[in-house]
Amino acid sequence: MNMEESLDCRISGFHQYRLSEPAGLAFASRNLCEMLGRTREELMAENGYISQVHPGDRQVCGDFLRDLAAGEQTLTAQYRLLRMDGSVLCVSDTATSYWQDGVLLADSVLTDITALKSENENLHYLNDTMPCGFLRYTCEKTPRITYINDQMREFLGFPRGAAGTEALEMYSQNLFLLIPMEERRRFGIYLDRVYKHGAPIAGEMPVIRCDGTRTFLFGWVTKCVNERGEEEFQSACMDITERHQLRREQETRRYVKALTEIYDKIFEFDLSARTVKCLCGSNSPMFRWIENIPMQMEEATDKWIVGSVCGEDRQQVRDFFRAFYQKKLSEADGRPPQITYRALSSGGVLRTYTGIFLKLDANVSLYCCRNMPETDALRSENATLKNMQQLVMRFTEGVVAFEVEGDTVKPLYTSENVCSFFGYSREDWLTLTEKRPTIREFIAQSGLDYEDIKKLFAVGEAEFTYFDMTRNAYRRIKAICSRKDSDEGFYVMLYNVDGRETAGPEDIPEKSVRIRTFGYFDVFVDDKPIAFRNEKSKELFALLVDRRGGFVSSEEAISFLWEDEPANSVTLARYRKVALRLKNLLEEYGIGGIVESVNGKRRLVTERVRCDLYDYLSGREEYAQLFKGSYLTNYTWGETTLAELTGEHLLPLA
């Protein structure tokens with residue numbers, strides 16, 4: 001086929017413009033005729049081609065031809081053409097103008113972009129009709145934003161005009177600039193999972209607005225192929241900041257209600273706003289009139305110190321609060337900062353008080369204080385209350401309180417890290433606060449014995465093991481219960497009594513542990529296989545083996561054990577039960593020390609085990625034949641290591 005035939009039949013929508021007035025077609029290819037359903041004569045007639053342009057785009061097409069006529073150049077324009085059957089064809093027209101024999105011509109090629117325009121119209125519909133932010137971004141290690149709709153700009157606080165364009169340009173080069181530092185690793189893991197498995201993920205995440213404040217979004221991430229055939233991520237998001245703040249306020253109110261059982265007065269210090277307000281003044285005339293009224297922090301505190309604190313103690317109290325303002329107040333032995341001082345009571349009597357700062361978040365803390373009993377009789381009478389005071393002083397991460405009447409329970413408050421001790425998510429617990437389940441119903445998910453709970457109420461104290469969400473570690477807590485208002489009413493409070501999180505010398509196994517990874521995964525103690533009663537516990541142990549002594553966080557483990565589910569309160573609770581079962585099983589076989597936990601991350605202590613993978617990777621000649629081509633056959637995620645062993649490489653996150 002010669003050049004003329006190729007241009008006539010093979011080049012999409014090829015035609016030649018004559019740019020002298022009146023502009024028109026000097027040549028129309030057969031391909032263009034078929035595209036529009038018109039004859040060559042119709043298209044090459046005066047205004048024949050222009051008449052096929054959609055009336056709404058004729059100005060665009062006219063300007064395009066006039067610009068081409070300005071000299072030799074290549075330009076592109078997008079407009080709509082009308083087919084013979086009345087349908088609309090969206091095209092991208094790329095034309096190159098040149099002089100030939102004193103006549104200015106332009107060779108043009110049309111690209112059909114109807115499908116792309118349709119997709120963009122759908123995006124505009126979504127943008128105009130749904131309160132939903134939408135993002136498209138690249139599948140690179142540092143994702144770049146390629147599209148952001150107006151709703152998402154509003155969520156992120158981008159200003160309008162040039163300032164907003166400049167800010168967007170900066171953020172567009174690195175999506176992670178919108179993610180808080182402590183959340184970036186988790187977000188990266190989710191993107192990696194979406195990329196590798198092609199399944200969307202949904203969840204909540206804080207993001208950083210342009211002004212530095214935070215907003216909370218709920219959204220989805222999915223992987224797609226765009227119109228250019230390139231892989232990209234797409235996210236649709238909803239702003240849940242108001243719901244998040246409401247939930248936070250509800251939790252704070254429940255927390256304060258529990259603390260009022262221990263402390264006389266509670267103040268909220270907000271370092272970001274530099275304000276303080278009284279949340280609970282125990283009906284003190286001195287504080288009742290200013291309850292829930294924000295005041296300037298330093299001024300109000302100094303006024304109280306001068307007016308109430310004993311002269312001999314004023315300097316130490318000033319230093320204590322100044323260190324708090326500057327975020328320099330140390331937490332000795334992991335306990336919240338506390339102070340003892342003498343001050344005038346509302347009745348004008350000099351009494352001894354103890355105060356403590358309890359952190360709610362990076363900027364907001366509660367200052368709680370109470371009068372210290374000064375007689376043996378009072379100390380005896382309030383022994384349980386003193387124990388409850390120790391609760392908050394010793395259990396730095398939070399507290400739990402619930403009221404028991406007869407055989408029913410009314411949950412009052414629980415902090416995040418001990419909520420799951422009872423087997424509930426935060427949402428479940430909040431629902432329970434509106435009900436009065438029976439004791440048996442209340443403890444059904446906790447693994448506690450009904451008789452043990454009844455014994456707790458009879459004796460007043462008991463100890464239990466729970467999983468601390470904040471530290472991602474197993475800890476011991478003590479339960480203290482006190483009678484309230486009647487013989488049948490109890491308030492139960494929990495506090496930490498054992499913060500050990502790592503394997504100690506007593507855990508070092510005396511038994512030999514052999515691990516088989518080539519083929520199916522199995523573990524042998526003294527040459528006898530471990531009978532795993534839970535498959536997920538076995539898979540978690542296999543994951544620790546595959547990591548070769550490296551630490552694995554809760555979020556990472558969840559991404560492997562439940563590949564299609566995000567890390568949330570439900571999967572975290574599920575994971576903790578799996579980890580606890582693994583811990584109990586290893587201890588049952590006398591090898592609890594082979595898994596170490598530090599700050600919630602777990603690892604296999606490789607020097608305490610024998611593993612065919614480790615032997616093979618040592619490079620020693622006697623182990624060269626161990627690998628036969630299969631690895632962790634039980635688990636699909638083992639394919640990454642298998643590829644390394646076979647010298648192949650899986651597709652990385654681009």
# chains A, B, ... in the order shown; residues from 1 in each chain; ligands from 1

$ select_by_dssp --residues "stretch 124-299 of chain A" --states "strand (DSSP E)" --output "VMD selection string"
chain A and resid 133 to 138 145 to 148 201 to 208 214 to 225 231 to 239 265 to 270 275 to 280 295 to 296

$ write_last_selection --atoms "N, CA and C atoms" --output "short mmCIF file (atom, residue, chain, number, x, y, z; two decimals), in the first residue's frame"
data_model
loop_
_atom_site.label_atom_id
_atom_site.label_comp_id
_atom_site.auth_asym_id
_atom_site.auth_seq_id
_atom_site.Cartn_x
_atom_site.Cartn_y
_atom_site.Cartn_z
N GLY A 133 -15.59 13.43 47.99
CA GLY A 133 -14.31 13.82 47.43
C GLY A 133 -13.77 12.71 46.54
N PHE A 134 -13.09 13.10 45.47
CA PHE A 134 -12.58 12.10 44.53
C PHE A 134 -11.15 12.44 44.16
N LEU A 135 -10.29 11.41 44.19
CA LEU A 135 -8.87 11.57 43.87
C LEU A 135 -8.45 10.49 42.89
N ARG A 136 -7.56 10.86 41.98
CA ARG A 136 -6.86 9.88 41.15
C ARG A 136 -5.37 10.15 41.34
N TYR A 137 -4.59 9.10 41.57
CA TYR A 137 -3.16 9.30 41.81
C TYR A 137 -2.37 8.10 41.32
N THR A 138 -1.09 8.31 41.06
CA THR A 138 -0.26 7.31 40.40
C THR A 138 0.12 6.18 41.35
N ILE A 145 -0.77 13.16 42.54
CA ILE A 145 -2.20 13.37 42.29
C ILE A 145 -2.38 13.81 40.85
N THR A 146 -3.24 13.11 40.10
CA THR A 146 -3.50 13.46 38.71
C THR A 146 -4.88 14.09 38.52
N TYR A 147 -5.76 13.92 39.49
CA TYR A 147 -7.08 14.54 39.42
C TYR A 147 -7.63 14.69 40.83
N ILE A 148 -8.24 15.83 41.11
CA ILE A 148 -8.89 16.07 42.40
C ILE A 148 -10.13 16.90 42.14
N ILE A 201 -9.95 -1.33 49.27
CA ILE A 201 -9.90 -1.28 50.73
C ILE A 201 -10.65 -0.02 51.17
N ALA A 202 -11.40 -0.15 52.26
CA ALA A 202 -12.13 0.99 52.82
C ALA A 202 -11.71 1.18 54.27
N GLY A 203 -11.75 2.42 54.74
CA GLY A 203 -11.41 2.68 56.13
C GLY A 203 -11.37 4.17 56.44
N GLU A 204 -11.12 4.49 57.73
CA GLU A 204 -11.02 5.87 58.19
C GLU A 204 -9.55 6.26 58.31
N MET A 205 -9.28 7.56 58.09
CA MET A 205 -7.92 8.04 58.23
C MET A 205 -7.91 9.55 58.41
N PRO A 206 -7.08 10.06 59.32
CA PRO A 206 -6.93 11.52 59.42
C PRO A 206 -6.07 12.03 58.27
N VAL A 207 -6.36 13.22 57.78
CA VAL A 207 -5.54 13.86 56.76
C VAL A 207 -5.24 15.28 57.21
N ILE A 208 -4.18 15.85 56.66
CA ILE A 208 -3.75 17.19 57.03
C ILE A 208 -4.30 18.20 56.03
N ARG A 214 -6.33 19.07 61.17
CA ARG A 214 -6.65 17.73 60.70
C ARG A 214 -8.15 17.58 60.45
N THR A 215 -8.46 16.79 59.45
CA THR A 215 -9.83 16.38 59.21
C THR A 215 -9.84 14.87 59.07
N PHE A 216 -10.98 14.26 59.27
CA PHE A 216 -11.07 12.80 59.23
C PHE A 216 -11.96 12.40 58.06
N LEU A 217 -11.44 11.48 57.24
CA LEU A 217 -12.14 11.03 56.05
C LEU A 217 -12.40 9.53 56.13
N PHE A 218 -13.54 9.12 55.60
CA PHE A 218 -13.81 7.71 55.36
C PHE A 218 -13.85 7.53 53.86
N GLY A 219 -13.09 6.54 53.35
CA GLY A 219 -13.06 6.40 51.90
C GLY A 219 -12.60 5.04 51.45
N TRP A 220 -12.55 4.91 50.12
CA TRP A 220 -12.16 3.66 49.47
C TRP A 220 -10.94 3.92 48.58
N VAL A 221 -10.10 2.92 48.46
CA VAL A 221 -8.98 2.97 47.52
C VAL A 221 -9.11 1.76 46.60
N THR A 222 -9.03 1.99 45.30
CA THR A 222 -9.06 0.89 44.34
C THR A 222 -8.04 1.16 43.25
N LYS A 223 -7.61 0.11 42.57
CA LYS A 223 -6.65 0.25 41.48
C LYS A 223 -7.39 0.10 40.15
N CYS A 224 -7.08 1.00 39.21
CA CYS A 224 -7.73 0.99 37.90
C CYS A 224 -6.68 1.19 36.81
N VAL A 225 -7.12 1.04 35.58
CA VAL A 225 -6.28 1.37 34.42
C VAL A 225 -6.95 2.55 33.73
N GLU A 231 -1.69 2.20 35.02
CA GLU A 231 -2.30 1.84 36.31
C GLU A 231 -2.35 3.08 37.20
N GLU A 232 -3.43 3.21 37.93
CA GLU A 232 -3.57 4.32 38.86
C GLU A 232 -4.47 3.91 40.02
N PHE A 233 -4.36 4.65 41.13
CA PHE A 233 -5.26 4.49 42.26
C PHE A 233 -6.37 5.52 42.16
N GLN A 234 -7.56 5.13 42.62
CA GLN A 234 -8.67 6.07 42.72
C GLN A 234 -9.26 5.96 44.11
N SER A 235 -9.61 7.11 44.67
CA SER A 235 -10.20 7.14 46.02
C SER A 235 -11.43 8.02 46.02
N ALA A 236 -12.49 7.53 46.64
CA ALA A 236 -13.70 8.31 46.90
C ALA A 236 -13.82 8.46 48.41
N CYS A 237 -14.01 9.70 48.89
CA CYS A 237 -13.94 9.96 50.33
C CYS A 237 -15.13 10.79 50.81
N MET A 238 -15.49 10.57 52.08
CA MET A 238 -16.49 11.39 52.75
C MET A 238 -15.87 12.00 53.99
N ASP A 239 -16.26 13.23 54.29
CA ASP A 239 -15.75 13.92 55.48
C ASP A 239 -16.56 13.47 56.70
N LYS A 265 -12.28 17.72 91.56
CA LYS A 265 -12.32 18.76 90.53
C LYS A 265 -11.54 18.29 89.31
N ILE A 266 -12.07 18.62 88.13
CA ILE A 266 -11.44 18.23 86.86
C ILE A 266 -11.42 19.44 85.94
N PHE A 267 -10.25 19.75 85.39
CA PHE A 267 -10.07 20.88 84.49
C PHE A 267 -9.51 20.38 83.16
N GLU A 268 -9.96 20.98 82.07
CA GLU A 268 -9.46 20.64 80.74
C GLU A 268 -8.49 21.72 80.27
N PHE A 269 -7.23 21.31 80.02
CA PHE A 269 -6.21 22.22 79.51
C PHE A 269 -6.00 21.93 78.02
N ASP A 270 -6.18 22.96 77.20
CA ASP A 270 -5.98 22.84 75.75
C ASP A 270 -4.76 23.67 75.36
N THR A 275 -6.14 27.48 76.50
CA THR A 275 -7.28 27.74 77.37
C THR A 275 -7.40 26.65 78.43
N VAL A 276 -8.11 26.98 79.50
CA VAL A 276 -8.45 26.02 80.54
C VAL A 276 -9.91 26.24 80.91
N LYS A 277 -10.63 25.15 81.18
CA LYS A 277 -12.00 25.29 81.64
C LYS A 277 -12.29 24.22 82.68
N CYS A 278 -13.15 24.54 83.62
CA CYS A 278 -13.53 23.61 84.68
C CYS A 278 -14.65 22.71 84.17
N LEU A 279 -14.40 21.39 84.18
CA LEU A 279 -15.42 20.43 83.76
C LEU A 279 -16.25 19.94 84.93
N CYS A 280 -15.62 19.88 86.11
CA CYS A 280 -16.31 19.39 87.30
C CYS A 280 -15.73 20.11 88.51
N MET A 295 -11.04 29.80 79.69
CA MET A 295 -10.32 30.98 80.17
C MET A 295 -8.88 30.91 79.71
N GLN A 296 -8.21 32.07 79.69
CA GLN A 296 -6.81 32.10 79.28
C GLN A 296 -6.00 31.26 80.27
#

$ residues_around --residues "A:Val53" --least-positions-apart "3" --cutoff "12 Å" --atoms "only C-alpha atoms" --output "ChimeraX atom specification"
/A:36,43,47-50,56-62,78-84,86-91,93

$ residues_around --residues "stretch 631-648 of chain A" --least-positions-apart "3" --cutoff "10 Å" --atoms "only C-alpha atoms" --output "list in words"
Arg516, Thr517, Phe518, Gly519, Tyr520, Phe521, Asp522, Glu539, Ala542, Leu543, Asp546, Arg547, Phe560, Leu561, Glu563, Leu613, Tyr616, Leu617, Phe627, Lys628 and Leu651 of chain A

$ write_last_selection --atoms "C-alpha atoms" --output "PDB file, in the first residue's frame"
ATOM      1  CA  ARG A 516       9.791 -26.598  58.439  1.00  0.00           C
ATOM      2  CA  THR A 517       8.970 -24.020  55.744  1.00  0.00           C
ATOM      3  CA  PHE A 518       9.902 -25.868  52.548  1.00  0.00           C
ATOM      4  CA  GLY A 519       6.632 -27.468  51.495  1.00  0.00           C
ATOM      5  CA  TYR A 520       3.889 -27.241  54.108  1.00  0.00           C
ATOM      6  CA  PHE A 521       4.550 -25.222  57.260  1.00  0.00           C
ATOM      7  CA  ASP A 522       4.978 -27.160  60.507  1.00  0.00           C
ATOM      8  CA  GLU A 539      -0.347 -18.516  60.033  1.00  0.00           C
ATOM      9  CA  ALA A 542       4.555 -18.645  59.901  1.00  0.00           C
ATOM     10  CA  LEU A 543       4.590 -14.908  59.175  1.00  0.00           C
ATOM     11  CA  ASP A 546       9.096 -15.588  57.149  1.00  0.00           C
ATOM     12  CA  ARG A 547      10.181 -12.192  58.555  1.00  0.00           C
ATOM     13  CA  PHE A 560      -1.429 -10.766  55.630  1.00  0.00           C
ATOM     14  CA  LEU A 561      -3.865 -12.742  57.784  1.00  0.00           C
ATOM     15  CA  GLU A 563      -5.870  -9.718  53.022  1.00  0.00           C
ATOM     16  CA  LEU A 613      14.891 -21.641  55.557  1.00  0.00           C
ATOM     17  CA  TYR A 616      19.451 -22.851  53.441  1.00  0.00           C
ATOM     18  CA  LEU A 617      20.092 -19.104  53.423  1.00  0.00           C
ATOM     19  CA  PHE A 627      15.101 -26.231  48.970  1.00  0.00           C
ATOM     20  CA  LYS A 628      13.155 -28.292  46.384  1.00  0.00           C
ATOM     21  CA  LEU A 651       5.960  -7.048  40.199  1.00  0.00           C
TER      22      LEU A 651
END

$ atom_distance --atom1 "atom CA of A:Gly592" --atom2 "atom CA of A:Tyr614"
20.3 Å

$ atom_distance --atom1 "atom CA of A:Pro529" --atom2 "atom CA of A:Gly629"
22.8 Å

$ residues_around --residues "stretch 548-555 of chain A" --least-positions-apart "4" --cutoff "8 Å" --atoms "only C-alpha atoms" --output "number ranges by chain"
A: 186, 472, 544, 559, 567, 572, 575, 600-606, 614
